[in-house]
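J.: Pasting in a structure now, in structure tokens, and then I'll have a few things to ask.
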Amino acid sequence: MRLEPIDKPSLARSLLPPVTALGATVAIASFLAMLAGANPFSVFGLILNGAFGSKFAILETLNRATPLIFTGLAVAVAFRAKFWNIGAEAQLYAGALLTVLLGTGLLPWPSIAILPTLALFSILAGAILLLVPALLKTRFGVDEVVTTLLFNFIFLLFVSMLLEGPLKDPMGMGWPKSARLLPEARLPRLVDGLRLHWGFGLAILSAISVWVVQSRMTLGYEMRAVGLNRQAAAFAGIPVNLVLVKTALLSGGLAALAGFSEVAGLKGSLTLDLSPGFGYTGIIVAMLALLHPLGVIFAALFVAGIFVGADSMSRAADVPTYLADIMLATALLLMVLAIMLTRFRIVRN
Amino acid sequence: MSKSSVEALCLNAITKCFGELTANDAVSFSINKGEVLALLGENGAGKTTLMNVLFGQYTADSGTVSVFGQILPPGNSRAALDAGVGMVHQHFTLADNLTVQENITLGTRPLSSLKLNYFKTRSKILRLAKEFHLSVSPDARVGSLSVGERQRVEILKALYRDVKVLILDEPTAVLTPQETNDLFATLRLATTLGLSIIFISHKLHEVMAIADRVCVLRHGKKTGEVLIKNTDRDSLAKMMMGAESKSPQVLPSKSGPALLELKDVVTPNIGSAPGLKSVDLALKSGQIIGLAGVSGNGQASIADVVGGLSKPITGEVWVNGVAVENWSPRDAVNSGIARIPEDRHSMGSIADFDITENSILERYNTALFSRRGWLDWQSSRAFANRVIEKYDVRCPGVDTPIRLLSGGNMQKLILGRALECNPTIILANQPVRGLDVGAVNYVHSQLLSARDRGAAILLISEDLDEVMSLSDVIYVISNGRLSPKFNRGKMTPAQLGVWMGGQGFDEEITHAP
Amino acid sequence: MEVLEIFFTASFWAAVIRISTPLIFATLGELICERAGVLNLGIEGIMVAGAFAGWMAVYSGTGLWVGVCVAMFVGMLFGFLHSLLTVPFGLSQHVVGLGVTLLATSSTYYAYRLALPEVTSPPKIDAFQPYDIPILSEIPFIGPALFSQTPFTYLAFGLVLVTSVVLYRTPLGLAVRAAGENPAAVAAQGLSVTKIRMGAVIIGSGFMAMGGAFLTMSAFDSFFFEMVNGRGWICIALVVFGSWRPGKALLGAVLFAAFDALQIRVQQTSLGSLMPYQFFLMMPYLLSILALIVMSRRAEVPAALMVPFNKGER
């Protein structure tokens, strides 16, 4: 068996594999739902309803999508440059940590001053955190997959340490939880009366900004070149290591904004369960979006919908919520295969 | 021993297409026991594809291959090997982390077997090495071997498997003239012992020297088959290239001041390739300076220094009579150096970028194509359009991904993007590797016009013929050292070969006062 | 000093060997995959799947060794999925690996919830018991440490030996080592790169799953979520640390386990009360990163690691 590149794929060729991938995912999920003793149609109905079936549901989905847009962007930016940032989870917590450090009383400023400050310091925290694996890679050639992964465990323990120690809320009745943010340090609602905060707006703006950088700025050009062919980029004079570092800073900063947004927009304080794996889910979002910044928005909405819907479905139909994770993992693997099939044909040798 | 008339191998009407490209069009030939058949053709004629079909790496669309009368199952390298067909590929297929013996025994015993038969294998290898005059050390790690030694291992691989038909794909591309003679001696010895040899080449004088019979391919078709004693170089050339474009005429040139100089430059080794050892080199305006040598002797190091990819540890680089302080690819480009890299796919272009994006690869951050971090796509596309028109790059448009271009067109784009900025110094590293004759002549004529306009050109090539025909002066590089300068017309391949093999340097040392 | 005293107890070293066992299995498994040229990031998820599969088999009534085989088989299934996508289809090994980890973990958790819907605390099984090897286990100090382990641990050490022998002294091992260095060399000798790489990944994944099963069938006797806790990722670092050799990888696993066992015990000493417990828990991960930096020269990386092989590519 051999793979032969297709020069000009037809429309059918470009659409059929991804559609089939999604169909297969649904089929597999249906089968698993049946194993749990549920009717697949009602399961999917409940998921859709739980995700988009009411004003409350839609808002919940949008809220859940917000951190996913940030982490999806972080991963997409990094993966485009072939920098495998698996540590978005730690970077998210770094952003949350800085938000809580500065926003619980240290800086008694009005909203207009403190919110940008918190955002800025969050970005810096995430950027610096990812800088370490990036430098380890450029200076020592240490693979960033393992280092960013291990940093997730290390940083979470660090946060746990702080939450049980110096950052513990004195009024928290002993739970490992930070103090609450000052009211001025909270992100305002996007529209009065709706449970949607400005984090969502910030996420959309970030996606558009990344898109502009990638398509119209020299930095974006450099990042794409380095990701596609590092050797040719170096030969042409592109400062590869510097570009990788810049990519890491951008990626880490974006992931950290997810933490800022969750704390300042939604939760108001920092606990260890702030993120149910947004950093890792960001990888799925990025891959489903084919690493395109605008696509990340839609992929994040899709993934958030699946999770929110599955939560609600699980309560009603008694099917474990992990069905959502299985669906996403299956979708990821099948989509990657489908994308390849839109560009290559399988030929008998 | 006379050649027998037993038919060892027969290819019958082999046709192989890749999409719209017909690589082989109903090609047939046969070879007898003890014969040397040369498969002659220029780059892109279909020689390697044909051999890959024979060897089972590809399956032919139609046609059969038979060895000693038995038809081979298509697409099965194992069957070909078992039938006695062996191939020494152009790019060696050896695992650097394994020893010579391990590379030779790889795949010779069933994977379910539990034994490697170390001593039996070793004695067979040593016996074959002695019989065929191929000295090897079975426990040496292949990663540490020279190119010539690796080729010997490749041949032993085939001999170990009791090869009856040995195919060699452009074997002399990486050898000095002396090593080529040694190889030919080995091949002649092999034929007296009953082996048949298929010798793939595009070099006419070698084919005339070693082959009994020659089969000529052009654009996938067989255009001729003759006995060597009945033909000559000119007839072969006509069969190989048709009555097509003639090579450009090289007129003598006037040289001017030195535009780029390397003074006493020393660079570190890159892996197993040697670094430069106290190299002095002057690239003069209006001259083509040719660098001859077997690959892996420091060409990459010189190319890296001239191209700005590396800085000397000691010694200086002078541009236009002034020593440079900062040296990077960007500094080189800004100093007016145009660089044509040796591998257009891995170093010269980015496959998934379109033609516009590839055109501005070296200069995207200059005022030509960007302003304060924002790219100017309009002027970029205008530049790309200019290049493809002026340099005859065949493509659907500047938005085409460059991977859809043929090798020749890709090289023309790389050449054009470099020449369009009026460089004073040109680094041409293997500029016509893998190109068909039309593209080769085009590239050569462009280089000659640049020279006539006053540019200094450093031509690095493994093809001694190319270097000798184009250059005004020649240096030989061996193990990171440069030979003395040879002027045009004042040296023979044999003389150069002495320096390529390193002996010239040793003699120089022993004769020093 | 209390800390130094720890090293002189046989129980410490027995714990070290016990803690190293899952690492040995998984590191060995990853080593085999990478030697053939494939990075298997599914390791973490496969260990989770193996942990559950083996335990579940025993919980359902089969014998312990049957459980080990079931775990291995489940690992091999995920290995097949991974290698199918990465070898003949040439998809990104990073993405597929992460996808497999996610799939294996989530399907394990789903299966657990389906199989045991009403449990609050994880049920237990009759795990492997230590088996004292006659004579050897009576040697003072070394005896209780090395030769009073469970048979599952003895299996791990045995596998290191077997893997070493196969890799360096058989035609199959030679083919695997060549496939990870220059697959063209393998194809030119008439062998199938696809079959060798897929086979290596499948076997390696089986080993990984056995490493996970050790956790639920020997180290502990029940399955709980977050059990593997990053051990898979640590094993990837251990493969680098061991320069892709089984013997050195074994050493690395034992060394690492020693640090892990040490930090647990130090927490209980007077030194330990000086620092928060999270600091000690961080040590294993920090150490792994350190190991990677130390070995960063990496002269012995399989040259074709992560490079897909497209037969006869023009």
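Letters A, B, ... mark the chains of the structure tokens in the order given; residue numbers begin at 1 per chain; ligand numbers begin at 1, in order shown.
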Neighbouring residues of Thr48 in chain B were defined as those with any atom within 9 Å, considering only C-alpha atoms; residues of the same chain fewer than 2 positions away were excluded. Please report them as a ChimeraX atom specification.
T.: /B:44-46,50-53,89-90,169,200
J.: For chain A, which residues have at least one atom within 7 Å of chain B, if we go by only C-alpha atoms? Write them as a PDB file with C-alpha atoms, in the first residue's frame, please.
T.:
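Heads up, here's the output in part-v3.pdb:
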```pdb
ATOM      1  CA  ASP A   7      -2.882  17.505  -6.890  1.00  0.00           C
ATOM      2  CA  ARG A 216      -0.647  39.285   7.594  1.00  0.00           C
ATOM      3  CA  MET A 217       2.313  39.758   9.853  1.00  0.00           C
ATOM      4  CA  THR A 218       5.909  38.735   9.434  1.00  0.00           C
ATOM      5  CA  LEU A 228       6.458  23.521   7.831  1.00  0.00           C
ATOM      6  CA  ASN A 229      10.180  23.181   7.125  1.00  0.00           C
ATOM      7  CA  GLN A 231      15.691  23.525   7.750  1.00  0.00           C
ATOM      8  CA  ALA A 232      14.565  25.660   4.822  1.00  0.00           C
ATOM      9  CA  PHE A 235      18.670  28.441   5.426  1.00  0.00           C
ATOM     10  CA  ALA A 236      16.618  31.436   4.364  1.00  0.00           C
ATOM     11  CA  GLY A 237      17.785  33.315   7.412  1.00  0.00           C
ATOM     12  CA  ASN A 349       1.995  -0.650  -4.852  1.00  0.00           C
TER      13      ASN A 349
END
```
J.: Select, as a ChimeraX atom specification, those residues of chain B with any atom no more than 8 Å from chain C (distances computed using only C-alpha atoms).
T.: /B:52,57-58,76-79,81,92-98,102,106-116
J.: Only N, CA and C atoms, please: the residues just picked out, written as a compact mmCIF listing (two decimals), in the first residue's frame.
T.:
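Dumped everything to out_36.txt:
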```txt
# COMPACT_ATOMS: atom_id res chain seq x y z
N ASN B 52 13.49 0.06 -9.90
CA ASN B 52 12.64 -0.17 -8.73
C ASN B 52 11.53 -1.16 -9.05
N GLN B 57 10.17 -2.76 -5.68
CA GLN B 57 9.72 -1.64 -4.86
C GLN B 57 8.45 -1.03 -5.45
N TYR B 58 8.31 -1.14 -6.75
CA TYR B 58 7.08 -0.70 -7.40
C TYR B 58 6.47 -1.88 -8.14
N ASN B 76 7.43 -7.50 -5.18
CA ASN B 76 7.91 -8.32 -4.08
C ASN B 76 9.44 -8.32 -4.06
N SER B 77 10.01 -7.44 -3.20
CA SER B 77 11.46 -7.37 -3.16
C SER B 77 12.07 -8.68 -2.70
N ARG B 78 11.37 -9.33 -1.81
CA ARG B 78 11.87 -10.59 -1.27
C ARG B 78 12.06 -11.60 -2.38
N ALA B 79 11.07 -11.69 -3.26
CA ALA B 79 11.16 -12.66 -4.35
C ALA B 79 12.32 -12.31 -5.27
N LEU B 81 15.05 -10.72 -4.47
CA LEU B 81 16.29 -11.07 -3.79
C LEU B 81 16.54 -12.57 -3.83
N PHE B 92 22.55 5.17 -0.35
CA PHE B 92 22.81 3.90 0.33
C PHE B 92 21.75 3.55 1.35
N THR B 93 21.46 2.26 1.41
CA THR B 93 20.46 1.78 2.34
C THR B 93 21.15 1.02 3.45
N LEU B 94 21.83 1.78 4.30
CA LEU B 94 22.54 1.17 5.42
C LEU B 94 22.09 1.80 6.72
N ALA B 95 22.11 1.02 7.77
CA ALA B 95 21.75 1.54 9.10
C ALA B 95 23.04 1.91 9.83
N ASP B 96 23.18 3.20 10.11
CA ASP B 96 24.44 3.68 10.70
C ASP B 96 24.73 3.11 12.07
N ASN B 97 23.70 2.76 12.80
CA ASN B 97 23.93 2.32 14.18
C ASN B 97 24.34 0.85 14.26
N LEU B 98 24.34 0.16 13.12
CA LEU B 98 24.67 -1.27 13.12
C LEU B 98 26.05 -1.49 12.51
N GLU B 102 26.18 -6.77 10.68
CA GLU B 102 24.74 -6.72 10.95
C GLU B 102 23.97 -6.21 9.75
N LEU B 106 21.13 -8.47 7.78
CA LEU B 106 19.75 -8.01 7.98
C LEU B 106 18.83 -8.64 6.94
N GLY B 107 17.82 -9.34 7.38
CA GLY B 107 16.84 -9.90 6.45
C GLY B 107 17.26 -11.21 5.81
N THR B 108 18.46 -11.72 6.12
CA THR B 108 18.88 -12.95 5.44
C THR B 108 18.41 -14.19 6.18
N ARG B 109 18.03 -14.01 7.43
CA ARG B 109 17.51 -15.17 8.15
C ARG B 109 16.05 -14.90 8.52
N PRO B 110 15.23 -15.94 8.62
CA PRO B 110 13.81 -15.71 8.92
C PRO B 110 13.67 -15.02 10.28
N LEU B 111 12.68 -14.14 10.36
CA LEU B 111 12.50 -13.36 11.58
C LEU B 111 12.10 -14.21 12.77
N SER B 112 11.59 -15.40 12.49
CA SER B 112 11.21 -16.26 13.60
C SER B 112 12.40 -17.02 14.15
N SER B 113 13.53 -16.96 13.44
CA SER B 113 14.70 -17.71 13.89
C SER B 113 15.30 -17.07 15.13
N LEU B 114 15.97 -17.88 15.92
CA LEU B 114 16.52 -17.35 17.16
C LEU B 114 18.03 -17.16 17.09
N LYS B 115 18.63 -17.49 15.96
CA LYS B 115 20.08 -17.44 15.93
C LYS B 115 20.57 -16.53 14.81
N LEU B 116 21.71 -15.88 15.07
CA LEU B 116 22.30 -15.01 14.04
C LEU B 116 23.50 -15.67 13.38
```
J.: Wanna dump the chain C-chain A contacts at 9 Å for me, each residue with its shortest atom pair and the distance in Å to one decimal, counting only C-alpha atoms, ordered by chain and number, as a tab-separated table?
T.:
```
residue	atom	partner	partner_atom	distance
C:Leu85	CA	A:Leu337	CA	7.3
C:Pro88	CA	A:Met1	CA	7.5
C:Phe89	CA	A:Leu3	CA	7.7
C:Gly90	CA	A:Leu3	CA	8.9
C:Leu91	CA	A:Leu337	CA	7.0
C:Ser92	CA	A:Val336	CA	8.4
C:His94	CA	A:Trp84	CA	8.1
C:Val95	CA	A:Leu333	CA	8.0
C:Val96	CA	A:Leu333	CA	6.3
C:Leu98	CA	A:Ile283	CA	8.8
C:Gly99	CA	A:Ala329	CA	5.4
C:Val100	CA	A:Ala329	CA	7.3
C:Thr101	CA	A:Ala329	CA	8.6
C:Leu102	CA	A:Ala329	CA	5.8
C:Leu103	CA	A:Ala329	CA	5.1
C:Ala104	CA	A:Ile326	CA	8.4
C:Thr105	CA	A:Ile326	CA	8.6
C:Ser106	CA	A:Ile326	CA	5.6
C:Ser107	CA	A:Ile326	CA	6.1
C:Tyr109	CA	A:Tyr322	CA	6.8
C:Tyr110	CA	A:Tyr322	CA	5.5
C:Arg113	CA	A:Pro320	CA	6.6
C:Leu114	CA	A:Ala36	CA	6.4
C:Asn229	CA	A:Phe153	CA	8.6
C:Gly230	CA	A:Leu150	CA	7.6
C:Trp233	CA	A:Val146	CA	6.4
C:Ile234	CA	A:Val146	CA	7.8
C:Ile236	CA	A:Val146	CA	7.3
C:Ala237	CA	A:Val146	CA	7.0
C:Pro276	CA	A:Met161	CA	6.8
C:Tyr277	CA	A:Met161	CA	8.1
C:Gln278	CA	A:Leu157	CA	5.6
C:Phe279	CA	A:Leu157	CA	7.5
C:Leu281	CA	A:Leu157	CA	7.6
C:Met282	CA	A:Ile154	CA	5.4
C:Met283	CA	A:Ile154	CA	8.4
C:Tyr285	CA	A:Leu150	CA	5.9
C:Leu286	CA	A:Ile154	CA	7.4
C:Ser288	CA	A:Leu150	CA	8.2
C:Ile289	CA	A:Thr147	CA	6.2
C:Leu292	CA	A:Val142	CA	6.4
C:Ile293	CA	A:Val142	CA	6.3
C:Met295	CA	A:Val142	CA	8.6
C:Ser296	CA	A:Val142	CA	5.8
C:Arg297	CA	A:Phe140	CA	7.5
C:Arg298	CA	A:Gly141	CA	8.6
C:Asn310	CA	A:Arg2	CA	6.6
C:Lys311	CA	A:Arg2	CA	6.6
C:Gly312	CA	A:Arg2	CA	8.3
C:Glu313	CA	A:Arg2	CA	8.7
```
J.: What is the CA of Leu163 in chain A-CA of Thr99 in chain A distance in Å, reported with one decimal?
T.: 13.6 Å
J.: Please, which residues of range 133-316 of chain A, numbered as in this document, come out helix (DSSP H, G or I) from DSSP, as a VMD selection string?
T.: chain A and resid 133 to 140 144 to 164 183 to 185 198 to 216 218 to 228 230 to 236 240 to 267 278 to 288 293 to 316
J.: Distance CA of Leu98 in chain A-CA of Trp175 in chain A, one decimal place?
T.: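 Taking CA of Leu98 in chain A as the start and CA of Trp175 in chain A as the end point, the length is 19.9 Å.
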